[in-house]
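Enquirer: Below is the file start.csv, which contains CSV, N, CA and C atoms.
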chain,number,residue,atom,x,y,z
A,1,MET,N,-106.8,145.2,-33.2
A,1,MET,CA,-108.1,145.4,-33.6
A,1,MET,C,-108.4,144.5,-34.8
A,2,SER,N,-109.6,143.9,-34.8
A,2,SER,CA,-109.9,143.0,-35.9
A,2,SER,C,-111.4,143.0,-36.1
A,3,THR,N,-111.8,142.5,-37.3
A,3,THR,CA,-113.2,142.3,-37.5
A,3,THR,C,-113.5,140.8,-37.0
A,4,LYS,N,-114.8,140.5,-37.0
A,4,LYS,CA,-115.1,139.1,-36.6
A,4,LYS,C,-114.7,138.1,-37.6
A,5,ASP,N,-114.8,138.4,-38.9
A,5,ASP,CA,-114.5,137.5,-40.0
A,5,ASP,C,-113.0,137.4,-40.3
A,6,ALA,N,-112.3,138.5,-40.3
A,6,ALA,CA,-111.0,138.5,-40.8
A,6,ALA,C,-110.2,139.6,-40.1
A,7,ARG,N,-108.9,139.3,-40.0
A,7,ARG,CA,-108.0,140.3,-39.3
A,7,ARG,C,-107.9,141.5,-40.3
A,8,VAL,N,-108.0,142.7,-39.7
A,8,VAL,CA,-107.8,143.9,-40.5
A,8,VAL,C,-106.7,144.7,-39.9
A,9,GLU,N,-105.8,145.1,-40.7
A,9,GLU,CA,-104.7,146.0,-40.2
A,9,GLU,C,-105.2,147.4,-40.4
A,10,LEU,N,-105.3,148.2,-39.3
A,10,LEU,CA,-105.7,149.6,-39.5
A,10,LEU,C,-104.5,150.4,-39.5
A,11,LEU,N,-104.7,151.6,-40.1
A,11,LEU,CA,-103.6,152.5,-40.1
A,11,LEU,C,-103.1,152.9,-38.7
A,12,GLN,N,-101.8,153.1,-38.6
A,12,GLN,CA,-101.2,153.4,-37.3
A,12,GLN,C,-101.9,154.7,-36.8
A,13,GLY,N,-102.3,154.7,-35.5
A,13,GLY,CA,-102.9,155.8,-34.9
A,13,GLY,C,-104.4,155.8,-34.9
A,14,THR,N,-105.0,154.8,-35.7
A,14,THR,CA,-106.5,154.8,-35.7
A,14,THR,C,-107.1,154.4,-34.4
A,15,LEU,N,-106.5,153.4,-33.7
A,15,LEU,CA,-107.0,153.1,-32.4
A,15,LEU,C,-106.8,154.3,-31.4
A,16,ASP,N,-105.7,155.0,-31.5
A,16,ASP,CA,-105.5,156.1,-30.7
A,16,ASP,C,-106.7,157.1,-30.9
A,17,LEU,N,-107.0,157.4,-32.1
A,17,LEU,CA,-108.1,158.3,-32.4
A,17,LEU,C,-109.4,157.8,-31.9
A,18,LEU,N,-109.7,156.6,-32.0
A,18,LEU,CA,-110.9,156.0,-31.5
A,18,LEU,C,-111.0,156.1,-29.9
A,19,ILE,N,-109.9,155.9,-29.3
A,19,ILE,CA,-109.8,156.0,-27.8
A,19,ILE,C,-110.1,157.4,-27.4
A,20,LEU,N,-109.4,158.4,-28.1
A,20,LEU,CA,-109.6,159.8,-27.7
A,20,LEU,C,-111.0,160.2,-27.9
A,21,ARG,N,-111.6,159.8,-29.0
A,21,ARG,CA,-113.0,160.1,-29.3
A,21,ARG,C,-114.0,159.5,-28.2
A,22,THR,N,-113.7,158.3,-27.8
A,22,THR,CA,-114.5,157.6,-26.8
A,22,THR,C,-114.4,158.3,-25.4
A,23,LEU,N,-113.2,158.8,-25.1
A,23,LEU,CA,-113.0,159.5,-23.8
A,23,LEU,C,-113.6,160.9,-23.8
A,24,LEU,N,-114.0,161.4,-25.0
A,24,LEU,CA,-114.6,162.7,-25.0
A,24,LEU,C,-115.9,162.8,-24.2
A,25,ALA,N,-116.6,161.6,-24.1
A,25,ALA,CA,-117.8,161.5,-23.3
A,25,ALA,C,-117.5,161.5,-21.8
A,26,GLY,N,-116.3,161.3,-21.3
A,26,GLY,CA,-116.0,161.3,-19.9
A,26,GLY,C,-115.1,160.1,-19.6
A,27,PRO,N,-114.6,160.1,-18.3
A,27,PRO,CA,-113.7,159.0,-17.9
A,27,PRO,C,-114.3,157.7,-17.8
A,28,VAL,N,-113.6,156.7,-18.3
A,28,VAL,CA,-114.1,155.3,-18.3
A,28,VAL,C,-112.9,154.4,-18.1
A,29,HIS,N,-113.1,153.1,-17.7
A,29,HIS,CA,-112.1,152.1,-17.6
A,29,HIS,C,-111.8,151.5,-18.9
A,30,GLY,N,-110.7,150.8,-19.0
A,30,GLY,CA,-110.3,150.2,-20.3
A,30,GLY,C,-111.3,149.2,-20.9
A,31,HIS,N,-111.9,148.4,-20.1
A,31,HIS,CA,-112.8,147.4,-20.7
A,31,HIS,C,-114.0,148.2,-21.3
A,32,ALA,N,-114.4,149.2,-20.7
A,32,ALA,CA,-115.6,150.0,-21.2
A,32,ALA,C,-115.2,150.8,-22.4
A,33,ILE,N,-113.9,151.2,-22.6
A,33,ILE,CA,-113.5,151.8,-23.8
A,33,ILE,C,-113.6,150.8,-25.0
A,34,ALA,N,-113.1,149.6,-24.8
A,34,ALA,CA,-113.2,148.6,-25.8
A,34,ALA,C,-114.6,148.3,-26.2
A,35,LYS,N,-115.5,148.1,-25.2
A,35,LYS,CA,-116.9,147.8,-25.5
A,35,LYS,C,-117.6,149.0,-26.2
A,36,CYS,N,-117.3,150.2,-25.8
A,36,CYS,CA,-117.9,151.4,-26.5
A,36,CYS,C,-117.5,151.4,-28.0
A,37,ILE,N,-116.2,151.2,-28.3
A,37,ILE,CA,-115.7,151.2,-29.7
A,37,ILE,C,-116.5,150.1,-30.4
A,38,GLU,N,-116.6,148.9,-29.8
A,38,GLU,CA,-117.2,147.8,-30.5
A,38,GLU,C,-118.7,148.1,-30.7
A,39,ARG,N,-119.4,148.6,-29.7
A,39,ARG,CA,-120.8,149.0,-29.8
A,39,ARG,C,-121.0,150.1,-30.9
A,40,SER,N,-120.2,151.1,-30.8
A,40,SER,CA,-120.3,152.2,-31.8
A,40,SER,C,-120.1,151.8,-33.2
A,41,SER,N,-119.3,150.7,-33.4
A,41,SER,CA,-119.0,150.3,-34.8
A,41,SER,C,-119.9,149.1,-35.2
A,42,SER,N,-121.0,149.0,-34.4
A,42,SER,CA,-122.0,147.9,-34.7
A,42,SER,C,-121.2,146.5,-34.6
A,43,ASP,N,-120.3,146.4,-33.7
A,43,ASP,CA,-119.5,145.2,-33.5
A,43,ASP,C,-118.6,144.8,-34.7
A,44,VAL,N,-118.3,145.7,-35.6
A,44,VAL,CA,-117.4,145.4,-36.7
A,44,VAL,C,-116.0,145.4,-36.2
A,45,LEU,N,-115.7,146.4,-35.3
A,45,LEU,CA,-114.3,146.5,-34.8
A,45,LEU,C,-114.3,145.9,-33.4
A,46,GLN,N,-113.3,145.0,-33.2
A,46,GLN,CA,-113.1,144.4,-31.9
A,46,GLN,C,-111.7,144.8,-31.4
A,47,VAL,N,-111.7,145.4,-30.2
A,47,VAL,CA,-110.5,145.9,-29.6
A,47,VAL,C,-109.9,144.8,-28.7
A,48,GLU,N,-108.7,144.3,-29.0
A,48,GLU,CA,-108.1,143.3,-28.2
A,48,GLU,C,-107.3,144.0,-27.1
A,49,GLN,N,-107.2,143.3,-25.9
A,49,GLN,CA,-106.5,143.9,-24.8
A,49,GLN,C,-105.0,144.1,-25.2
A,50,GLY,N,-104.5,143.2,-26.0
A,50,GLY,CA,-103.1,143.4,-26.5
A,50,GLY,C,-102.8,144.6,-27.3
A,51,SER,N,-103.9,145.2,-27.8
A,51,SER,CA,-103.8,146.5,-28.6
A,51,SER,C,-104.2,147.6,-27.7
A,52,LEU,N,-105.2,147.4,-26.9
A,52,LEU,CA,-105.8,148.5,-26.2
A,52,LEU,C,-104.8,149.1,-25.1
A,53,TYR,N,-104.3,148.2,-24.3
A,53,TYR,CA,-103.5,148.7,-23.2
A,53,TYR,C,-102.2,149.4,-23.6
A,54,PRO,N,-101.5,148.8,-24.6
A,54,PRO,CA,-100.3,149.6,-25.1
A,54,PRO,C,-100.7,151.0,-25.7
A,55,ALA,N,-101.9,151.0,-26.3
A,55,ALA,CA,-102.3,152.3,-26.9
A,55,ALA,C,-102.6,153.3,-25.7
A,56,LEU,N,-103.3,152.8,-24.7
A,56,LEU,CA,-103.6,153.7,-23.5
A,56,LEU,C,-102.3,154.2,-22.9
A,57,HIS,N,-101.3,153.3,-22.7
A,57,HIS,CA,-100.0,153.7,-22.2
A,57,HIS,C,-99.3,154.8,-23.1
A,58,ARG,N,-99.4,154.6,-24.4
A,58,ARG,CA,-98.8,155.5,-25.3
A,58,ARG,C,-99.5,156.9,-25.2
A,59,LEU,N,-100.8,156.9,-25.1
A,59,LEU,CA,-101.5,158.2,-25.0
A,59,LEU,C,-101.2,158.9,-23.6
A,60,ILE,N,-101.0,158.1,-22.6
A,60,ILE,CA,-100.6,158.7,-21.3
A,60,ILE,C,-99.3,159.3,-21.4
A,61,LYS,N,-98.3,158.6,-22.1
A,61,LYS,CA,-97.0,159.1,-22.3
A,61,LYS,C,-96.9,160.4,-23.0
A,62,ARG,N,-97.9,160.6,-24.0
A,62,ARG,CA,-97.9,161.8,-24.8
A,62,ARG,C,-98.7,162.9,-24.1
A,63,GLY,N,-99.3,162.6,-23.0
A,63,GLY,CA,-100.0,163.6,-22.2
A,63,GLY,C,-101.4,163.9,-22.7
A,64,TRP,N,-101.9,163.0,-23.6
A,64,TRP,CA,-103.3,163.2,-24.2
A,64,TRP,C,-104.4,162.6,-23.3
A,65,ILE,N,-104.0,161.7,-22.5
A,65,ILE,CA,-105.0,161.1,-21.5
A,65,ILE,C,-104.3,161.0,-20.2
A,66,ALA,N,-105.1,160.9,-19.1
A,66,ALA,CA,-104.5,160.6,-17.8
A,66,ALA,C,-105.3,159.5,-17.2
A,67,ALA,N,-104.7,158.8,-16.2
A,67,ALA,CA,-105.3,157.6,-15.6
A,67,ALA,C,-105.4,157.8,-14.0
A,68,GLU,N,-106.5,157.4,-13.5
A,68,GLU,CA,-106.7,157.4,-12.0
A,68,GLU,C,-107.3,156.1,-11.6
A,69,ASP,N,-106.9,155.7,-10.4
A,69,ASP,CA,-107.5,154.4,-9.8
A,69,ASP,C,-108.9,154.7,-9.4
A,70,GLY,N,-109.8,153.7,-9.5
A,70,GLY,CA,-111.2,153.9,-9.1
A,70,GLY,C,-111.8,152.5,-8.9
A,71,THR,N,-113.1,152.5,-8.8
A,71,THR,CA,-113.9,151.3,-8.7
A,71,THR,C,-114.9,151.2,-9.8
A,72,SER,N,-114.9,150.0,-10.5
A,72,SER,CA,-115.8,149.8,-11.6
A,72,SER,C,-117.2,149.6,-11.2
A,73,GLU,N,-118.2,149.5,-12.1
A,73,GLU,CA,-119.6,149.3,-11.8
A,73,GLU,C,-119.8,148.0,-11.1
A,74,ASN,N,-118.9,147.0,-11.3
A,74,ASN,CA,-119.1,145.7,-10.6
A,74,ASN,C,-118.2,145.6,-9.3
A,75,ASN,N,-117.9,146.8,-8.8
A,75,ASN,CA,-117.1,146.9,-7.5
A,75,ASN,C,-115.7,146.3,-7.6
A,76,ARG,N,-115.1,146.4,-8.7
A,76,ARG,CA,-113.7,146.0,-8.8
A,76,ARG,C,-112.8,147.2,-9.0
A,77,ARG,N,-111.5,147.0,-8.5
A,77,ARG,CA,-110.6,148.1,-8.8
A,77,ARG,C,-110.3,148.2,-10.3
A,78,ALA,N,-110.2,149.4,-10.7
A,78,ALA,CA,-110.0,149.6,-12.2
A,78,ALA,C,-109.3,151.0,-12.3
A,79,LYS,N,-108.6,151.1,-13.5
A,79,LYS,CA,-107.9,152.4,-13.8
A,79,LYS,C,-108.9,153.1,-14.7
A,80,PHE,N,-109.2,154.3,-14.4
A,80,PHE,CA,-110.1,155.1,-15.2
A,80,PHE,C,-109.3,156.1,-16.0
A,81,TYR,N,-109.6,156.2,-17.3
A,81,TYR,CA,-108.9,157.1,-18.2
A,81,TYR,C,-109.7,158.2,-18.6
A,82,ARG,N,-109.1,159.4,-18.7
A,82,ARG,CA,-109.8,160.6,-19.1
A,82,ARG,C,-109.0,161.4,-20.0
A,83,LEU,N,-109.7,162.2,-20.9
A,83,LEU,CA,-109.0,163.0,-21.8
A,83,LEU,C,-108.5,164.3,-21.1
A,84,THR,N,-107.2,164.7,-21.5
A,84,THR,CA,-106.7,165.9,-20.9
A,84,THR,C,-107.0,167.0,-21.9
A,85,PRO,N,-106.8,168.3,-21.5
A,85,PRO,CA,-107.0,169.4,-22.4
A,85,PRO,C,-106.1,169.3,-23.6
A,86,ARG,N,-104.9,168.8,-23.4
A,86,ARG,CA,-104.0,168.5,-24.6
A,86,ARG,C,-104.5,167.5,-25.5
A,87,GLY,N,-105.1,166.4,-24.9
A,87,GLY,CA,-105.8,165.4,-25.6
A,87,GLY,C,-107.0,165.8,-26.4
A,88,LYS,N,-107.7,166.7,-25.9
A,88,LYS,CA,-108.9,167.3,-26.6
A,88,LYS,C,-108.4,168.1,-27.8
A,89,LYS,N,-107.4,168.8,-27.7
A,89,LYS,CA,-106.8,169.5,-28.9
A,89,LYS,C,-106.3,168.5,-29.9
A,90,GLN,N,-105.6,167.5,-29.4
A,90,GLN,CA,-105.1,166.5,-30.3
A,90,GLN,C,-106.2,165.7,-31.0
A,91,LEU,N,-107.3,165.5,-30.4
A,91,LEU,CA,-108.5,164.8,-31.0
A,91,LEU,C,-109.0,165.6,-32.2
A,92,THR,N,-109.0,166.9,-32.1
A,92,THR,CA,-109.4,167.8,-33.2
A,92,THR,C,-108.5,167.7,-34.3
A,93,ILE,N,-107.2,167.7,-34.0
A,93,ILE,CA,-106.1,167.6,-35.1
A,93,ILE,C,-106.2,166.2,-35.7
A,94,GLU,N,-106.3,165.1,-35.0
A,94,GLU,CA,-106.4,163.8,-35.5
A,94,GLU,C,-107.6,163.5,-36.3
A,95,THR,N,-108.8,164.1,-35.9
A,95,THR,CA,-110.0,163.9,-36.6
A,95,THR,C,-109.9,164.6,-38.0
A,96,SER,N,-109.3,165.8,-38.0
A,96,SER,CA,-109.1,166.5,-39.2
A,96,SER,C,-108.2,165.7,-40.2
A,97,LYS,N,-107.1,165.1,-39.7
A,97,LYS,CA,-106.2,164.3,-40.5
A,97,LYS,C,-107.0,163.1,-41.0
A,98,TRP,N,-107.8,162.5,-40.2
A,98,TRP,CA,-108.6,161.3,-40.6
A,98,TRP,C,-109.5,161.7,-41.7
A,99,ASP,N,-110.2,162.8,-41.6
A,99,ASP,CA,-111.2,163.2,-42.6
A,99,ASP,C,-110.5,163.5,-43.9
A,100,ARG,N,-109.3,164.1,-43.9
A,100,ARG,CA,-108.6,164.3,-45.2
A,100,ARG,C,-108.1,163.0,-45.8
A,101,LEU,N,-107.6,162.1,-44.9
A,101,LEU,CA,-107.1,160.8,-45.4
A,101,LEU,C,-108.3,160.0,-46.0
A,102,SER,N,-109.4,159.9,-45.3
A,102,SER,CA,-110.5,159.0,-45.8
A,102,SER,C,-111.1,159.6,-47.1
A,103,SER,N,-111.1,160.9,-47.2
A,103,SER,CA,-111.6,161.6,-48.4
A,103,SER,C,-110.7,161.3,-49.6
A,104,ALA,N,-109.4,161.4,-49.3
A,104,ALA,CA,-108.4,161.1,-50.4
A,104,ALA,C,-108.5,159.6,-50.9
A,105,ILE,N,-108.7,158.7,-49.9
A,105,ILE,CA,-108.8,157.3,-50.3
A,105,ILE,C,-110.1,157.1,-51.1
A,106,ALA,N,-111.2,157.7,-50.6
A,106,ALA,CA,-112.4,157.6,-51.4
A,106,ALA,C,-112.3,158.1,-52.8
A,107,ARG,N,-111.6,159.2,-53.0
A,107,ARG,CA,-111.4,159.7,-54.4
A,107,ARG,C,-110.6,158.7,-55.2
A,108,ILE,N,-109.7,158.0,-54.6
A,108,ILE,CA,-108.9,157.0,-55.4
A,108,ILE,C,-109.8,155.7,-55.7
A,109,LEU,N,-110.5,155.3,-54.7
A,109,LEU,CA,-111.4,154.1,-54.9
A,109,LEU,C,-112.6,154.3,-55.8
A,110,ARG,N,-113.1,155.5,-55.8
A,110,ARG,CA,-114.2,155.9,-56.6
A,110,ARG,C,-113.9,157.1,-57.4
A,111,PRO,N,-113.2,157.0,-58.5
A,111,PRO,CA,-112.9,158.2,-59.3
A,111,PRO,C,-114.1,158.9,-59.7
A,112,GLN,N,-113.9,160.2,-60.0
A,112,GLN,CA,-115.0,161.1,-60.3
A,112,GLN,C,-116.0,160.6,-61.3
A,113,THR,N,-115.5,159.9,-62.4
A,113,THR,CA,-116.4,159.4,-63.4
A,113,THR,C,-117.3,158.3,-62.9
A,114,GLU,N,-116.9,157.5,-61.9
A,114,GLU,CA,-117.7,156.5,-61.3
A,114,GLU,C,-118.7,157.1,-60.3
A,115,ARG,N,-118.3,158.2,-59.6
A,115,ARG,CA,-119.2,158.8,-58.6
A,115,ARG,C,-120.3,159.6,-59.3
A,116,THR,N,-120.1,160.1,-60.4
A,116,THR,CA,-121.2,161.0,-61.1
A,116,THR,C,-122.0,160.2,-62.1
A,117,GLY,N,-121.5,159.1,-62.5
A,117,GLY,CA,-122.2,158.3,-63.5
A,117,GLY,C,-122.5,157.0,-63.1
Would you encode the structure as structure tokens?
Expert:
Amino acid sequence: MSTKDARVELLQGTLDLLILRTLLAGPVHGHAIAKCIERSSSDVLQVEQGSLYPALHRLIKRGWIAAEDGTSENNRRAKFYRLTPRGKKQLTIETSKWDRLSSAIARILRPQTERTG
């Protein structure tokens, strides 16, 4: 995953979290997952195929998502990914972890004296 201007290394698991969140809306194929993440981030985040498909396979292996063959909107064969009940539970856990992490980082980057004054 990268920004348009410079390569950004995201924390491990961030793409997994974004994929799980995207699939909460319902089953979609890989290309649509990438486009949804890009669109939702106002095109700041770009998901490369070389990152997306290994992440999808990792999530399948963990039982957090499942894949089924289907036909895309342009009549091509595609694999559609969906969130499993286990994945839905994991999304809640991972979102909570992300909230704690981002809050802790914000406290370091903007110490209390800077935030109030």
Enquirer: Using only N, CA and C atoms, list the residues that have an atom at most 7 Å from (-107.5, 157.5, -37.4), coordinates as in the file, as a ChimeraX atom specification.
Expert: /A:11-18,94-95,97-98
Enquirer: Any idea what the distance is between atom CA of A:Thr84 and atom CA of A:Trp64?
Expert: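 Distance between the two atoms: 5.5 Å.
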Enquirer: Quick one: pull the distance between atom C of A:Ala34 and atom CA of A:Asn74, Å, one decimal.
Expert: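 That distance, rounded to one decimal, is 16.4 Å.
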Enquirer: Interatomic distance between atom CA of A:Pro54 and atom CA of A:Ala32?
Expert: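 Computing it gives 15.8 Å between the two atoms.
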Enquirer: Would you list the contacts of A:Pro85 as number ranges by chain, taking every protein, DNA or RNA residue within 8 Å and counting all atoms listed in the file, but skipping same-chain residues closer than 4 positions in sequence?
Expert: A: 63-66, 89-91
Enquirer: Let me make sure I understand: among A:Gly87, A:Ser72, A:Glu48, A:Ser103, which one has the smallest atom-to-atom distance to A:Leu20 if we use only C-alpha atoms?
Expert: A:Gly87
Enquirer: Pick from A:His57, A:Ile108, A:Thr22, A:Glu73: nearest to A:Ser41, with only C-alpha atoms counted?
Expert: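 Looking at the shortest contact to A:Ser41, the residue is A:Thr22.
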Enquirer: May I have all residues of stretch 41-88 of chain A that DSSP, computed from the backbone, assigns to alpha helix (DSSP H), given as number ranges by chain?
Expert: A: 49-62, 85-88
Enquirer: Here's a test: counting only C-alpha atoms, identify every protein, DNA and RNA residue with an atom at most 10 Å from (-108.9, 152.6, -18.1) in the file's coordinate frame, and state them as a list in words.
Expert: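 Residues found, by chain and rising number: Leu23, Pro27, Val28, His29, Gly30, His31, Ala32, Ile33, Ala34, Leu52, Tyr53, Leu56, His57, Ile65, Ala66, Ala67, Glu68, Asp69, Gly70, Ser72, Ala78, Lys79, Phe80, Tyr81 and Arg82 of chain A.
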Enquirer: List every residue of stretch 18-74 of chain A that DSSP, applied to the backbone of this structure, places in strand (DSSP E), and write the result as number ranges by chain.
Expert: A: 28-29, 65-71
Enquirer: Taking only C-alpha atoms, show stretch 32-73 of chain A of the given structure as a PDB file, in the first residue's frame.
Expert:
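As written to disk, part15.pdb reads:
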ATOM      1  CA  ALA A  32     -13.456  -3.842  -5.857  1.00  0.00           C
ATOM      2  CA  ILE A  33     -11.885  -4.179  -2.382  1.00  0.00           C
ATOM      3  CA  ALA A  34      -8.848  -2.215  -3.528  1.00  0.00           C
ATOM      4  CA  LYS A  35     -10.989   0.460  -5.211  1.00  0.00           C
ATOM      5  CA  CYS A  36     -13.229   0.810  -2.151  1.00  0.00           C
ATOM      6  CA  ILE A  37     -10.219   1.359   0.136  1.00  0.00           C
ATOM      7  CA  GLU A  38      -8.802   3.909  -2.297  1.00  0.00           C
ATOM      8  CA  ARG A  39     -12.121   5.731  -2.651  1.00  0.00           C
ATOM      9  CA  SER A  40     -12.805   5.683   1.116  1.00  0.00           C
ATOM     10  CA  SER A  41      -9.369   7.193   1.796  1.00  0.00           C
ATOM     11  CA  SER A  42      -9.918   9.941  -0.810  1.00  0.00           C
ATOM     12  CA  ASP A  43      -7.279   8.215  -2.950  1.00  0.00           C
ATOM     13  CA  VAL A  44      -4.557   8.664  -0.320  1.00  0.00           C
ATOM     14  CA  LEU A  45      -4.142   4.899   0.077  1.00  0.00           C
ATOM     15  CA  GLN A  46      -3.468   2.789  -2.976  1.00  0.00           C
ATOM     16  CA  VAL A  47      -3.653  -0.973  -2.618  1.00  0.00           C
ATOM     17  CA  GLU A  48      -1.236  -2.840  -4.859  1.00  0.00           C
ATOM     18  CA  GLN A  49      -2.139  -6.334  -6.097  1.00  0.00           C
ATOM     19  CA  GLY A  50       1.137  -7.588  -4.635  1.00  0.00           C
ATOM     20  CA  SER A  51      -0.128  -6.608  -1.176  1.00  0.00           C
ATOM     21  CA  LEU A  52      -3.845  -7.266  -1.595  1.00  0.00           C
ATOM     22  CA  TYR A  53      -3.861 -10.900  -2.690  1.00  0.00           C
ATOM     23  CA  PRO A  54      -1.368 -12.179  -0.095  1.00  0.00           C
ATOM     24  CA  ALA A  55      -3.480 -10.395   2.552  1.00  0.00           C
ATOM     25  CA  LEU A  56      -6.671 -12.017   1.217  1.00  0.00           C
ATOM     26  CA  HIS A  57      -5.020 -15.469   1.320  1.00  0.00           C
ATOM     27  CA  ARG A  58      -3.783 -14.808   4.867  1.00  0.00           C
ATOM     28  CA  LEU A  59      -7.302 -13.829   5.988  1.00  0.00           C
ATOM     29  CA  ILE A  60      -8.789 -16.951   4.377  1.00  0.00           C
ATOM     30  CA  LYS A  61      -6.198 -19.094   6.160  1.00  0.00           C
ATOM     31  CA  ARG A  62      -7.179 -17.511   9.486  1.00  0.00           C
ATOM     32  CA  GLY A  63     -10.854 -18.190   8.776  1.00  0.00           C
ATOM     33  CA  TRP A  64     -11.774 -14.492   8.883  1.00  0.00           C
ATOM     34  CA  ILE A  65     -12.965 -14.376   5.278  1.00  0.00           C
ATOM     35  CA  ALA A  66     -14.163 -16.925   2.732  1.00  0.00           C
ATOM     36  CA  ALA A  67     -13.963 -16.907  -1.062  1.00  0.00           C
ATOM     37  CA  GLU A  68     -16.381 -18.110  -3.712  1.00  0.00           C
ATOM     38  CA  ASP A  69     -16.194 -18.066  -7.497  1.00  0.00           C
ATOM     39  CA  GLY A  70     -18.597 -15.755  -9.258  1.00  0.00           C
ATOM     40  CA  THR A  71     -19.019 -13.312 -12.122  1.00  0.00           C
ATOM     41  CA  SER A  72     -18.008  -9.652 -11.877  1.00  0.00           C
ATOM     42  CA  GLU A  73     -20.116  -6.728 -13.068  1.00  0.00           C
TER      43      GLU A  73
END
